[in-house]
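> Structure provided below as structure tokens; questions to follow.
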Amino acid sequence: MPTDIYLNVAVSGVLTGLVYGLMALGLSVIFGVVRVVNFAHGEMTTVAMYLAVVLFATMGLDPLLMMVPIAGVLFVFGYVLQRWLINRFISRPEHSQFILLVAIAIIMTNVLLIVFGPDARSVQTSYAFDSFMFGPLIVDATKAFAAAAAIAFAAALFAFFRFTRLGIAMRACADNYTGAQVIGLNVPRLYALTFGLGAACVGVAGAMLALITDVTPPLGPSFTLLAFVIVIVGGLGSMPGALAGGILIGVIAALAGLFYTPSAKGMFVFAILVVVLLFRPQGIFGRRA
Amino acid sequence: MIGRLTNDVPRRAAMALFLLFLVLLLAPWFANDYLLTVLILIFYFAYTGQAWNIMMGFAGQLSLGHAIYIGLGGYTAAVLFGYFGISPWVGSLVAILFAITCGAVIGFLAFRFRVAGVYFAILTIAFAEFARIGFDHFTYVGGSAGFFLPVSNYAQSDLWTLRGKPIMFYYLSLGMTVGAVILCHIMLRSRIGYFWQAIREDEEAARAVGIDTFRYKLLAVIISAAMTSLAGVFFAFYYNNLFPEEVFSINRSIELILAPFIGGIGTLFGPILGAFMLTGLAETLTTTLAAFGIDVPGAKQIFYGICLLLVITVLPEGVWPWLYRRLHMAEPHE
Amino acid sequence: MSALLSIDGVSKRFRGLVAVDRLSFQVKQGDIFAVIGPNGAGKTTLFNVIAGVFSPDGGAIVLSGESINGLSPDQICRRGVGRTFQIVRPFPALSVEDNVIVAALLHRHLVPDARAHAGEVLRQLDLYDKRAQRASGLTLPDRKRLELARALATDPKLLLLDEMAALRPTETDRMVSILKEFNRNRGLTILLIEHVMRAVMALAARVLVMHHGAAIAEGAPDEVVRDRAVIDSYLGAETVV
């Protein structure tokens with residue numbers, strides 16, 4: 001096969017990988033600070049995708065414009081979820097928290113199934129079939145925009161955590177729960193804000209995903225697993241790791257799909273997960289706990 | 001032997017259990033076909049829940065990919081019967097072998113490399129998904145189009161080939177469930193049961209009293225895998241078809257853990273109670289909705305999700321321990 | 001009398017920090033040997049190295065003539081070393097009796113035998129009446145005795161006790177008499193970390209003082225408490241002896 005095709009597929013993988021990376025970034029932020037593994041992450045992404053689909057279908061609003069409001073809705077959802085439900089489970093054993101989110105995930109997936117039915121939906125914008133040409137590279141417009149949005153949002157998030165008081169306070173919580181309380185930080189509120197932020201990432205990522213792929217209710221669990229793989233490969237709790245992991249997985253999956261059958265992509269992804277879990281559980285950028 | 005089995009169980013409870021057993025034994029005489037299928041489903045979930053409980057409730061390892069053993073068990077026995085005419089009883093032995101190997105690999109990798117807690121759960125999910133996609137491409141056994149067992153004459157039940165009427169499957173599943181409870185009871189009361197509980201409570205303290213935690217965790221995984229694979233064999237021969245998307249799916253893994261979580265992890269009767277409650281209520285819900293002409297796909301799942309949510313929030317130990325205490329019996333120490 | 005446990009030039013580092021610094025001492029069979037020193041001196045790390053939780057970065061640990069460097073905690077326990085934890089770790093959901101049965105099952109494979117042995121140990125530690133209680137519901141002194149009972153039920157040759165005596169004086173005295181009894185009548189060798197000098201003086205035949213991971217004094221208790229370096233670094237001029 002001519003190298004052009006590899007290159008195109010790889011680039012396409014990078015772009016979609018960036019969007020998935022943003023989704024995984026949300027998971028990483030949540031885990032990094034609140035130390036809860038959000039098993040409902042994929043379902044939240046699916047909800048965001050459906051929001052984008054509905055807004056486009058009913059009012060013709062482009063997901064690129066709607067990504068901020070959608071992020072806002074998800075933010076509120078995440079905040080409320082953490083504040084009123086998950087916060088009670090902070091001192092419970094790990095598996096309790098995990099199962100709580102499993103339960104939430106089950107409910108969300110099936111509510112979506114009832115409301116939207118099992119058929120695939122998508123967003124077909126006017127520029128859906130446009131593409132940019134850079135020499136031998138043919139880049140889908142939708143993917144390019146989605147990836148750009150993902151990078152922009154991720155950059156904003158980095159800046160937030162590094163330069164704002166609130167962001168630094170959240171990182172303090174992550175590093176030292178008791179210490180944070182001792183210096184007077186309102187930890188439950190900070191946790192809720194963090195979960196909200198993680199959910200907002202998912203909101204943007206979901207809106208972007210609606211542009212580039214179809215959505216069905218059972219996609220939730222698949223996305224959750226994908227987010228886990230990306231985050232574990234990149235490093236749980238590491239923000240650059242999530243994006244790097246996303247790109248890596250995106251490229252590998254895309255190329256695997258090219259060399260073998262597209263449906264075998266999943267096997268590669270899981271094989272990578274197993275290898276990472278065994279040999280470098282902290283991921284590429286993570287620190288050994 | 002019955003005496004020895006029951007000498008830790010309060011007399012009232014033992015009587016109640018025996019009565020329940022009698023009722024279930026005689027059920028086919030006064031229950032209609034629909035009720036029988038519901039009961040079979042209950043027994044199936046009670047059995048798989050009990051098998052899963054060994055890993056989680058006894059040894060403290062959270063597996064969210066248990067469907068892999070159902071799939072492996074089912075496919076092994078089904079293929080051996082469908083292509084080679086080998087009886088599922090013999091096929092079960094082979095199925096157990098495969099399941100043990102798979103469990104040993106997962107357990108070995110996980111425990112040798114210190115993959116624990118949530119990471120372990122994710123590892124199990126990864127293996128199950130790997131199997132699902134793998135079997136989707138495994139054309140010899142039908143791939144994603146599925147594998148179908150030769151359906152034969154339903155007028156007579158053939159126990160050797162497990163072809164026959166629901167009543168045969170009823171007694172088979174009842175027998176499996178009772179067997180699982182007895183086996184778990186024996187294991188719990190033995191040396192291995194004590195070691196498992198110690199590991200579940202505090203692995204480092206368990207090591208400090210000389211327990212080879214690696215070995216016993218692995219044993220829990222293997223036994224759990226073997227038992228679950230038999231459920232797979234049952235599944236295959238009861239439904240007569242296998243699809244990777246259904247049998248290895250994460251939904252299957254999750255539905256397997258609902259009964260033990262709701263009934264009570266680590267207890268002997270938790271999974272049984274959980275299965276009765278969950279499936280019983282779910283079926284009631286479905287029939288009630290159907291009576292109103294409402295057919296809502298996914299309603300059952302939402303019901304399961306809500307139950308799980310409620311139990312984990314309000315009664316984190318499960319319904320059985322709570323019930324046990326309400327009935328003024330001593331602490332169910334296991 | 002030969003050395004049951006021989007620590008020879010043992011070191012343990014954690015990245016930059018030297019927790020145990022080329023420590024050497026011997027514990028003879030039948031001895032009661034105490035390790036004291038200020039917080040952060042490396043005492044618990046030393047225990048963790050002996051018990052197999054960490055492997056030493058240097059030196060040799062020899063038990064009954066056999067090197068136990070780098071063995072896992074359960075392997076070391078099976079070779080006759082029992083240990084308690086500084087912050088007690090009972091199996092919370094199990095009963096007192098079951099906690100000890102778990103330990104007794106190490107060398108007795110049948111549950112009834114283990115139960116009988118556990119019963120004996122519990123009686124000696126005055127916990128027999130509470131045997132059906134859940135471990136998580138016990139008071140701290142009872143939990144400490146349960147921790148001791150569990151370690152004793154594994155039939156150890158050497159017992160590592162980490163700050164067992166941090167209790168009221170009456171409790172401490174009780175603990176001391178139980179330990180003396182086991183030492184005298186069953187030849188149990190005891191290596192203990194302790195802050196409570198009352199217990200150290202009452203029990204130990206030999207004392208090792210650690211500071212910054214190294215030994216600064218070793219000898220009989222009354223010699224050691226008068227040692228200048230020990231007073232400066234740890235005891236202070238007024239010591240309750």
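Order determines the names: the first chain of the structure tokens is A, the second B, and so forth; residues in each chain are numbered 1 upward, and ligands are numbered 1 upward as they are shown.
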Name the residues in contact with Leu208 of chain C at a cut-off of 8 Å, using only C-alpha atoms, excluding same-chain residues fewer than 3 positions from it; report them as a PDB file with N, CA and C atoms, in the first residue's frame.


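Generated file (part18.pdb):
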ATOM      1  N   PHE C  33      14.913  -9.381  73.830  1.00  0.00           N
ATOM      2  CA  PHE C  33      15.808  -8.337  73.328  1.00  0.00           C
ATOM      3  C   PHE C  33      14.967  -7.136  72.932  1.00  0.00           C
ATOM      4  N   ALA C  34      15.304  -5.956  73.451  1.00  0.00           N
ATOM      5  CA  ALA C  34      14.506  -4.771  73.135  1.00  0.00           C
ATOM      6  C   ALA C  34      15.278  -3.817  72.251  1.00  0.00           C
ATOM      7  N   VAL C  35      14.557  -3.176  71.332  1.00  0.00           N
ATOM      8  CA  VAL C  35      15.141  -2.129  70.496  1.00  0.00           C
ATOM      9  C   VAL C  35      14.419  -0.838  70.838  1.00  0.00           C
ATOM     10  N   ILE C  36      15.166   0.145  71.302  1.00  0.00           N
ATOM     11  CA  ILE C  36      14.526   1.420  71.631  1.00  0.00           C
ATOM     12  C   ILE C  36      15.196   2.545  70.881  1.00  0.00           C
ATOM     13  N   ALA C 215      23.092   1.811  65.379  1.00  0.00           N
ATOM     14  CA  ALA C 215      23.117   1.441  66.792  1.00  0.00           C
ATOM     15  C   ALA C 215      24.007   2.422  67.530  1.00  0.00           C
ATOM     16  N   ILE C 216      23.514   2.997  68.621  1.00  0.00           N
ATOM     17  CA  ILE C 216      24.385   3.872  69.403  1.00  0.00           C
ATOM     18  C   ILE C 216      24.747   3.284  70.751  1.00  0.00           C
ATOM     19  N   ALA C 217      24.064   2.229  71.127  1.00  0.00           N
ATOM     20  CA  ALA C 217      24.421   1.560  72.388  1.00  0.00           C
ATOM     21  C   ALA C 217      23.796   0.181  72.401  1.00  0.00           C
ATOM     22  N   GLU C 218      24.440  -0.757  73.055  1.00  0.00           N
ATOM     23  CA  GLU C 218      23.849  -2.083  73.222  1.00  0.00           C
ATOM     24  C   GLU C 218      24.356  -2.676  74.520  1.00  0.00           C
ATOM     25  N   GLY C 219      23.448  -3.285  75.261  1.00  0.00           N
ATOM     26  CA  GLY C 219      23.896  -3.903  76.507  1.00  0.00           C
ATOM     27  C   GLY C 219      22.729  -4.219  77.409  1.00  0.00           C
TER      28      GLY C 219
END

> So what do you get for atom CA of Leu81 of chain A versus atom CA of Leu18 of chain A, distance-wise?

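About the pair atom CA of Leu81 of chain A and atom CA of Leu18 of chain A: they are 26.5 Å apart.
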
> Applying 7 Å and only C-alpha atoms, which residues near Arg22 of chain C remain after dropping the ones on its own chain fewer than 3 positions away? List them as number ranges by chain.

C: 9-11, 214

> Create the file for the chosen residues now, containing C-alpha atoms and written as a PDB file, in the first residue's frame.


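Once everything was written out, this is part04.pdb:
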ATOM      1  CA  GLY C   9      25.500  -5.164  58.602  1.00  0.00           C
ATOM      2  CA  VAL C  10      21.899  -4.753  57.494  1.00  0.00           C
ATOM      3  CA  SER C  11      20.964  -1.573  55.668  1.00  0.00           C
ATOM      4  CA  ALA C 214      22.366   3.066  63.460  1.00  0.00           C
TER       5      ALA C 214
END

> Counting only C-alpha atoms, which residues of chain B fall within 10 Å of chain A, and what is the closest atom pair for each with its distance in Å at one decimal, ordered by chain and rising number, as a Markdown table?


| residue | atom | partner | partner_atom | distance |
| --- | --- | --- | --- | --- |
| B:Gly60 | CA | A:His95 | CA | 9.8 |
| B:Gln61 | CA | A:His95 | CA | 9.6 |
| B:Leu62 | CA | A:His95 | CA | 7.4 |
| B:Ile106 | CA | A:Val274 | CA | 9.9 |
| B:Leu109 | CA | A:Leu278 | CA | 7.0 |
| B:Ala110 | CA | A:Leu278 | CA | 7.2 |
| B:Phe111 | CA | A:Leu278 | CA | 9.6 |
| B:Arg112 | CA | A:Leu278 | CA | 8.8 |
| B:Phe113 | CA | A:Leu278 | CA | 5.7 |
| B:Arg114 | CA | A:Leu278 | CA | 8.1 |
| B:Val115 | CA | A:Leu277 | CA | 7.0 |
| B:Gly117 | CA | A:Glu94 | CA | 7.2 |
| B:Val118 | CA | A:His95 | CA | 7.1 |
| B:Tyr119 | CA | A:Leu277 | CA | 7.5 |
| B:Phe120 | CA | A:Leu277 | CA | 8.7 |
| B:Ala121 | CA | A:His95 | CA | 9.2 |
| B:Ile122 | CA | A:Phe228 | CA | 7.9 |
| B:Leu123 | CA | A:Val274 | CA | 6.4 |
| B:Thr124 | CA | A:Val274 | CA | 9.3 |
| B:Ile125 | CA | A:Leu225 | CA | 8.3 |
| B:Ala126 | CA | A:Phe270 | CA | 5.4 |
| B:Phe127 | CA | A:Phe270 | CA | 7.4 |
| B:Ala128 | CA | A:Phe270 | CA | 9.5 |
| B:Glu129 | CA | A:Phe270 | CA | 7.4 |
| B:Phe130 | CA | A:Met267 | CA | 5.2 |
| B:Ala131 | CA | A:Met267 | CA | 8.3 |
| B:Arg132 | CA | A:Met267 | CA | 8.9 |
| B:Ile133 | CA | A:Met267 | CA | 6.4 |
| B:Gly134 | CA | A:Met267 | CA | 7.2 |
| B:Asp136 | CA | A:Ser263 | CA | 8.9 |
| B:His137 | CA | A:Ala264 | CA | 8.1 |
| B:Ile250 | CA | A:Pro221 | CA | 8.0 |
| B:Asn251 | CA | A:Ile106 | CA | 9.0 |
| B:Ile254 | CA | A:Val102 | CA | 8.4 |
| B:Ile257 | CA | A:Ile99 | CA | 9.9 |
| B:Leu258 | CA | A:Ala103 | CA | 9.6 |
| B:Phe261 | CA | A:Ile99 | CA | 9.0 |
| B:Val296 | CA | A:Ile114 | CA | 6.9 |
| B:Pro297 | CA | A:Ile114 | CA | 6.8 |
| B:Gly298 | CA | A:Asn110 | CA | 5.2 |
| B:Ala299 | CA | A:Asn110 | CA | 7.2 |
| B:Lys300 | CA | A:Asn110 | CA | 8.9 |
| B:Gln301 | CA | A:Asn110 | CA | 6.6 |
| B:Ile302 | CA | A:Ile107 | CA | 4.8 |
| B:Phe303 | CA | A:Ile107 | CA | 7.9 |
| B:Tyr304 | CA | A:Ala103 | CA | 8.0 |
| B:Gly305 | CA | A:Ala103 | CA | 4.6 |
| B:Ile306 | CA | A:Ala103 | CA | 6.9 |
| B:Cys307 | CA | A:Ala103 | CA | 8.4 |
| B:Leu308 | CA | A:Ala103 | CA | 5.8 |
| B:Leu309 | CA | A:Ala103 | CA | 5.5 |
| B:Leu310 | CA | A:Leu100 | CA | 9.2 |
| B:Val311 | CA | A:Leu100 | CA | 9.5 |
| B:Ile312 | CA | A:Leu100 | CA | 6.7 |
| B:Thr313 | CA | A:Leu100 | CA | 7.9 |
| B:Pro316 | CA | A:Ser96 | CA | 7.7 |
| B:Glu317 | CA | A:Ser96 | CA | 9.9 |

> Kindly export the residues of the current selection with C-alpha atoms, as a PDB file, in the first residue's frame.


ATOM      1  CA  GLY B  60     -11.774  -9.989  47.951  1.00  0.00           C
ATOM      2  CA  GLN B  61     -10.978  -9.763  44.221  1.00  0.00           C
ATOM      3  CA  LEU B  62     -13.439  -7.738  42.136  1.00  0.00           C
ATOM      4  CA  ILE B 106      -5.496 -13.896  34.512  1.00  0.00           C
ATOM      5  CA  LEU B 109      -0.617 -12.109  35.638  1.00  0.00           C
ATOM      6  CA  ALA B 110      -2.635  -9.984  38.013  1.00  0.00           C
ATOM      7  CA  PHE B 111      -1.183 -11.238  41.260  1.00  0.00           C
ATOM      8  CA  ARG B 112       2.397 -11.631  40.131  1.00  0.00           C
ATOM      9  CA  PHE B 113       2.373  -8.085  38.850  1.00  0.00           C
ATOM     10  CA  ARG B 114       0.426  -6.760  41.826  1.00  0.00           C
ATOM     11  CA  VAL B 115      -2.558  -5.576  39.834  1.00  0.00           C
ATOM     12  CA  GLY B 117      -8.474  -3.285  43.261  1.00  0.00           C
ATOM     13  CA  VAL B 118      -9.957  -1.246  40.468  1.00  0.00           C
ATOM     14  CA  TYR B 119      -7.041  -2.018  38.166  1.00  0.00           C
ATOM     15  CA  PHE B 120      -7.739  -5.709  38.582  1.00  0.00           C
ATOM     16  CA  ALA B 121     -11.376  -5.111  37.717  1.00  0.00           C
ATOM     17  CA  ILE B 122     -10.345  -3.288  34.563  1.00  0.00           C
ATOM     18  CA  LEU B 123      -7.938  -6.074  33.687  1.00  0.00           C
ATOM     19  CA  THR B 124     -10.756  -8.596  33.886  1.00  0.00           C
ATOM     20  CA  ILE B 125     -12.917  -6.396  31.680  1.00  0.00           C
ATOM     21  CA  ALA B 126     -10.104  -6.199  29.162  1.00  0.00           C
ATOM     22  CA  PHE B 127      -9.749  -9.971  28.993  1.00  0.00           C
ATOM     23  CA  ALA B 128     -13.487 -10.459  28.538  1.00  0.00           C
ATOM     24  CA  GLU B 129     -13.623  -7.865  25.788  1.00  0.00           C
ATOM     25  CA  PHE B 130     -10.623  -9.447  24.129  1.00  0.00           C
ATOM     26  CA  ALA B 131     -12.436 -12.764  24.147  1.00  0.00           C
ATOM     27  CA  ARG B 132     -15.603 -11.197  22.818  1.00  0.00           C
ATOM     28  CA  ILE B 133     -13.904  -9.615  19.843  1.00  0.00           C
ATOM     29  CA  GLY B 134     -11.784 -12.716  19.355  1.00  0.00           C
ATOM     30  CA  ASP B 136     -16.481 -12.523  16.836  1.00  0.00           C
ATOM     31  CA  HIS B 137     -13.732 -13.398  14.379  1.00  0.00           C
ATOM     32  CA  ILE B 250     -19.854  -6.680  29.763  1.00  0.00           C
ATOM     33  CA  ASN B 251     -23.601  -6.648  30.335  1.00  0.00           C
ATOM     34  CA  ILE B 254     -22.491  -6.990  35.254  1.00  0.00           C
ATOM     35  CA  ILE B 257     -22.687  -9.540  39.992  1.00  0.00           C
ATOM     36  CA  LEU B 258     -26.045  -7.956  40.728  1.00  0.00           C
ATOM     37  CA  PHE B 261     -24.148  -7.335  45.575  1.00  0.00           C
ATOM     38  CA  VAL B 296     -40.218  -0.879  27.374  1.00  0.00           C
ATOM     39  CA  PRO B 297     -36.920  -2.407  26.351  1.00  0.00           C
ATOM     40  CA  GLY B 298     -34.413  -1.463  28.981  1.00  0.00           C
ATOM     41  CA  ALA B 299     -36.920  -1.100  31.797  1.00  0.00           C
ATOM     42  CA  LYS B 300     -35.580  -4.198  33.475  1.00  0.00           C
ATOM     43  CA  GLN B 301     -32.031  -2.892  33.253  1.00  0.00           C
ATOM     44  CA  ILE B 302     -33.019   0.424  34.773  1.00  0.00           C
ATOM     45  CA  PHE B 303     -34.736  -1.471  37.541  1.00  0.00           C
ATOM     46  CA  TYR B 304     -31.532  -3.433  38.153  1.00  0.00           C
ATOM     47  CA  GLY B 305     -29.532  -0.221  38.171  1.00  0.00           C
ATOM     48  CA  ILE B 306     -31.840   1.421  40.668  1.00  0.00           C
ATOM     49  CA  CYS B 307     -31.806  -1.634  42.937  1.00  0.00           C
ATOM     50  CA  LEU B 308     -28.048  -1.691  42.844  1.00  0.00           C
ATOM     51  CA  LEU B 309     -27.914   2.017  43.588  1.00  0.00           C
ATOM     52  CA  LEU B 310     -30.321   1.742  46.502  1.00  0.00           C
ATOM     53  CA  VAL B 311     -28.618  -1.245  48.040  1.00  0.00           C
ATOM     54  CA  ILE B 312     -25.129   0.128  47.754  1.00  0.00           C
ATOM     55  CA  THR B 313     -26.226   3.431  49.270  1.00  0.00           C
ATOM     56  CA  PRO B 316     -23.942  -1.621  51.575  1.00  0.00           C
ATOM     57  CA  GLU B 317     -23.490  -5.045  53.090  1.00  0.00           C
TER      58      GLU B 317
END

> Quick one: residues within 7 Å of Glu163 of chain C, only C-alpha atoms, excluding same-chain residues fewer than 3 positions away - as a list in words?

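Those residues are Gln86, Ala166, Ile193, Glu194 and His195 of chain C.
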
> Out of segment 106-204 of chain A, which residues get strand (DSSP E) from DSSP, as a list in words?

Ser131, Phe132, Met133, Phe134, Leu137, Ile138, Val139 and Asp140 of chain A

> Mind writing the picked residues with N, CA and C atoms as a PDB file, in the first residue's frame?


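Done, and the output landed in selection33.pdb:
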ATOM      1  N   SER A 131     -12.837  18.590   3.125  1.00  0.00           N
ATOM      2  CA  SER A 131     -11.552  18.199   3.675  1.00  0.00           C
ATOM      3  C   SER A 131     -10.479  19.197   3.287  1.00  0.00           C
ATOM      4  N   PHE A 132      -9.425  19.178   4.074  1.00  0.00           N
ATOM      5  CA  PHE A 132      -8.277  20.041   3.797  1.00  0.00           C
ATOM      6  C   PHE A 132      -7.174  19.216   3.154  1.00  0.00           C
ATOM      7  N   MET A 133      -6.444  19.822   2.237  1.00  0.00           N
ATOM      8  CA  MET A 133      -5.354  19.104   1.602  1.00  0.00           C
ATOM      9  C   MET A 133      -4.026  19.738   1.981  1.00  0.00           C
ATOM     10  N   PHE A 134      -3.152  18.929   2.552  1.00  0.00           N
ATOM     11  CA  PHE A 134      -1.791  19.404   2.813  1.00  0.00           C
ATOM     12  C   PHE A 134      -0.854  18.468   2.098  1.00  0.00           C
ATOM     13  N   LEU A 137      -1.550  14.764   2.238  1.00  0.00           N
ATOM     14  CA  LEU A 137      -2.492  14.551   3.334  1.00  0.00           C
ATOM     15  C   LEU A 137      -3.888  15.055   2.982  1.00  0.00           C
ATOM     16  N   ILE A 138      -4.870  14.203   3.209  1.00  0.00           N
ATOM     17  CA  ILE A 138      -6.256  14.648   3.080  1.00  0.00           C
ATOM     18  C   ILE A 138      -6.876  14.564   4.459  1.00  0.00           C
ATOM     19  N   VAL A 139      -7.214  15.716   5.023  1.00  0.00           N
ATOM     20  CA  VAL A 139      -7.711  15.739   6.395  1.00  0.00           C
ATOM     21  C   VAL A 139      -9.192  16.131   6.398  1.00  0.00           C
ATOM     22  N   ASP A 140     -10.017  15.313   7.052  1.00  0.00           N
ATOM     23  CA  ASP A 140     -11.440  15.637   7.175  1.00  0.00           C
ATOM     24  C   ASP A 140     -11.619  16.937   7.933  1.00  0.00           C
TER      25      ASP A 140
END

> Residues within 9 Å of segment 60-76 of chain A, please, as a ChimeraX atom specification. Count only C-alpha atoms; anything in the same chain fewer than 4 positions from it doesn't count.

/A:44,47-48,51-56,80-81,123,125,145-146,149,193,195-208,210-211

> Keeping only N, CA and C atoms, write those residues as an mmCIF file, in the first residue's frame.


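Output contents, as saved in out_12.cif:
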data_model
loop_
_atom_site.group_PDB
_atom_site.id
_atom_site.type_symbol
_atom_site.label_atom_id
_atom_site.label_comp_id
_atom_site.auth_asym_id
_atom_site.auth_seq_id
_atom_site.Cartn_x
_atom_site.Cartn_y
_atom_site.Cartn_z
ATOM 1 N N MET A 44 -21.691 9.313 30.148
ATOM 2 C CA MET A 44 -21.796 10.777 30.141
ATOM 3 C C MET A 44 -21.419 11.328 28.774
ATOM 4 N N VAL A 47 -24.314 10.842 26.509
ATOM 5 C CA VAL A 47 -25.334 11.856 26.759
ATOM 6 C C VAL A 47 -24.983 13.153 26.048
ATOM 7 N N ALA A 48 -23.722 13.536 26.147
ATOM 8 C CA ALA A 48 -23.277 14.760 25.478
ATOM 9 C C ALA A 48 -23.475 14.648 23.974
ATOM 10 N N LEU A 51 -27.068 15.107 23.188
ATOM 11 C CA LEU A 51 -27.438 16.517 23.305
ATOM 12 C C LEU A 51 -27.095 17.266 22.025
ATOM 13 N N ALA A 52 -25.874 16.994 21.525
ATOM 14 C CA ALA A 52 -25.451 17.655 20.291
ATOM 15 C C ALA A 52 -26.372 17.275 19.131
ATOM 16 N N VAL A 53 -26.702 15.987 19.069
ATOM 17 C CA VAL A 53 -27.562 15.499 17.993
ATOM 18 C C VAL A 53 -28.928 16.172 18.048
ATOM 19 N N VAL A 54 -29.500 16.217 19.250
ATOM 20 C CA VAL A 54 -30.830 16.798 19.411
ATOM 21 C C VAL A 54 -30.830 18.283 19.067
ATOM 22 N N LEU A 55 -29.829 18.999 19.565
ATOM 23 C CA LEU A 55 -29.750 20.433 19.285
ATOM 24 C C LEU A 55 -29.606 20.693 17.795
ATOM 25 N N PHE A 56 -28.843 19.829 17.133
ATOM 26 C CA PHE A 56 -28.667 20.014 15.698
ATOM 27 C C PHE A 56 -29.940 19.666 14.950
ATOM 28 N N VAL A 80 -23.596 18.116 40.575
ATOM 29 C CA VAL A 80 -24.687 17.611 41.410
ATOM 30 C C VAL A 80 -24.452 16.152 41.798
ATOM 31 N N LEU A 81 -24.037 15.363 40.819
ATOM 32 C CA LEU A 81 -23.792 13.945 41.082
ATOM 33 C C LEU A 81 -22.769 13.761 42.196
ATOM 34 N N VAL A 123 -24.718 13.709 13.459
ATOM 35 C CA VAL A 123 -24.849 15.104 13.070
ATOM 36 C C VAL A 123 -24.222 15.277 11.705
ATOM 37 N N THR A 125 -23.275 18.013 9.360
ATOM 38 C CA THR A 125 -23.178 19.453 9.100
ATOM 39 C C THR A 125 -22.933 19.712 7.617
ATOM 40 N N PHE A 145 -11.546 20.201 12.923
ATOM 41 C CA PHE A 145 -12.189 21.136 13.852
ATOM 42 C C PHE A 145 -12.334 20.517 15.225
ATOM 43 N N ALA A 146 -12.775 19.255 15.245
ATOM 44 C CA ALA A 146 -12.971 18.577 16.525
ATOM 45 C C ALA A 146 -11.666 18.523 17.300
ATOM 46 N N ALA A 149 -10.732 21.903 18.644
ATOM 47 C CA ALA A 149 -11.530 22.241 19.830
ATOM 48 C C ALA A 149 -11.011 21.499 21.048
ATOM 49 N N LEU A 193 -16.732 20.477 42.218
ATOM 50 C CA LEU A 193 -16.283 21.321 41.101
ATOM 51 C C LEU A 193 -15.399 20.522 40.155
ATOM 52 N N PHE A 195 -15.373 17.251 39.680
ATOM 53 C CA PHE A 195 -16.174 16.293 38.917
ATOM 54 C C PHE A 195 -16.895 17.035 37.810
ATOM 55 N N GLY A 196 -17.385 18.213 38.159
ATOM 56 C CA GLY A 196 -18.061 19.025 37.150
ATOM 57 C C GLY A 196 -17.137 19.345 35.991
ATOM 58 N N LEU A 197 -15.895 19.690 36.302
ATOM 59 C CA LEU A 197 -14.932 19.992 35.242
ATOM 60 C C LEU A 197 -14.654 18.777 34.372
ATOM 61 N N GLY A 198 -14.496 17.639 35.036
ATOM 62 C CA GLY A 198 -14.278 16.409 34.283
ATOM 63 C C GLY A 198 -15.449 16.142 33.360
ATOM 64 N N ALA A 199 -16.640 16.390 33.890
ATOM 65 C CA ALA A 199 -17.839 16.192 33.079
ATOM 66 C C ALA A 199 -17.883 17.193 31.928
ATOM 67 N N ALA A 200 -17.393 18.400 32.184
ATOM 68 C CA ALA A 200 -17.368 19.403 31.118
ATOM 69 C C ALA A 200 -16.466 18.966 29.975
ATOM 70 N N CYS A 201 -15.320 18.366 30.331
ATOM 71 C CA CYS A 201 -14.429 17.806 29.296
ATOM 72 C C CYS A 201 -15.207 16.834 28.439
ATOM 73 N N VAL A 202 -15.953 15.994 29.137
ATOM 74 C CA VAL A 202 -16.751 14.984 28.447
ATOM 75 C C VAL A 202 -17.784 15.654 27.560
ATOM 76 N N GLY A 203 -18.325 16.766 28.042
ATOM 77 C CA GLY A 203 -19.306 17.498 27.252
ATOM 78 C C GLY A 203 -18.727 17.959 25.927
ATOM 79 N N VAL A 204 -17.577 18.582 26.004
ATOM 80 C CA VAL A 204 -16.932 19.058 24.773
ATOM 81 C C VAL A 204 -16.564 17.890 23.880
ATOM 82 N N ALA A 205 -15.943 16.875 24.485
ATOM 83 C CA ALA A 205 -15.526 15.712 23.700
ATOM 84 C C ALA A 205 -16.725 15.054 23.034
ATOM 85 N N GLY A 206 -17.809 14.928 23.787
ATOM 86 C CA GLY A 206 -19.007 14.308 23.235
ATOM 87 C C GLY A 206 -19.577 15.102 22.085
ATOM 88 N N ALA A 207 -19.637 16.422 22.255
ATOM 89 C CA ALA A 207 -20.155 17.262 21.188
ATOM 90 C C ALA A 207 -19.309 17.088 19.926
ATOM 91 N N MET A 208 -18.002 17.036 20.110
ATOM 92 C CA MET A 208 -17.099 16.847 18.972
ATOM 93 C C MET A 208 -17.251 15.471 18.352
ATOM 94 N N ALA A 210 -19.877 13.746 18.223
ATOM 95 C CA ALA A 210 -21.110 13.685 17.450
ATOM 96 C C ALA A 210 -20.866 14.114 16.012
ATOM 97 N N LEU A 211 -19.888 15.001 15.836
ATOM 98 C CA LEU A 211 -19.521 15.455 14.502
ATOM 99 C C LEU A 211 -18.889 14.357 13.670
#

> Taking only segment 1-228 of chain C into account, list the residues labelled alpha helix (DSSP H) by DSSP (computed from the backbone), as a PyMOL selection string.

chain C and resi 43-50+73-78+96-104+111-124+140-153+169-186+197-203+221-224+228
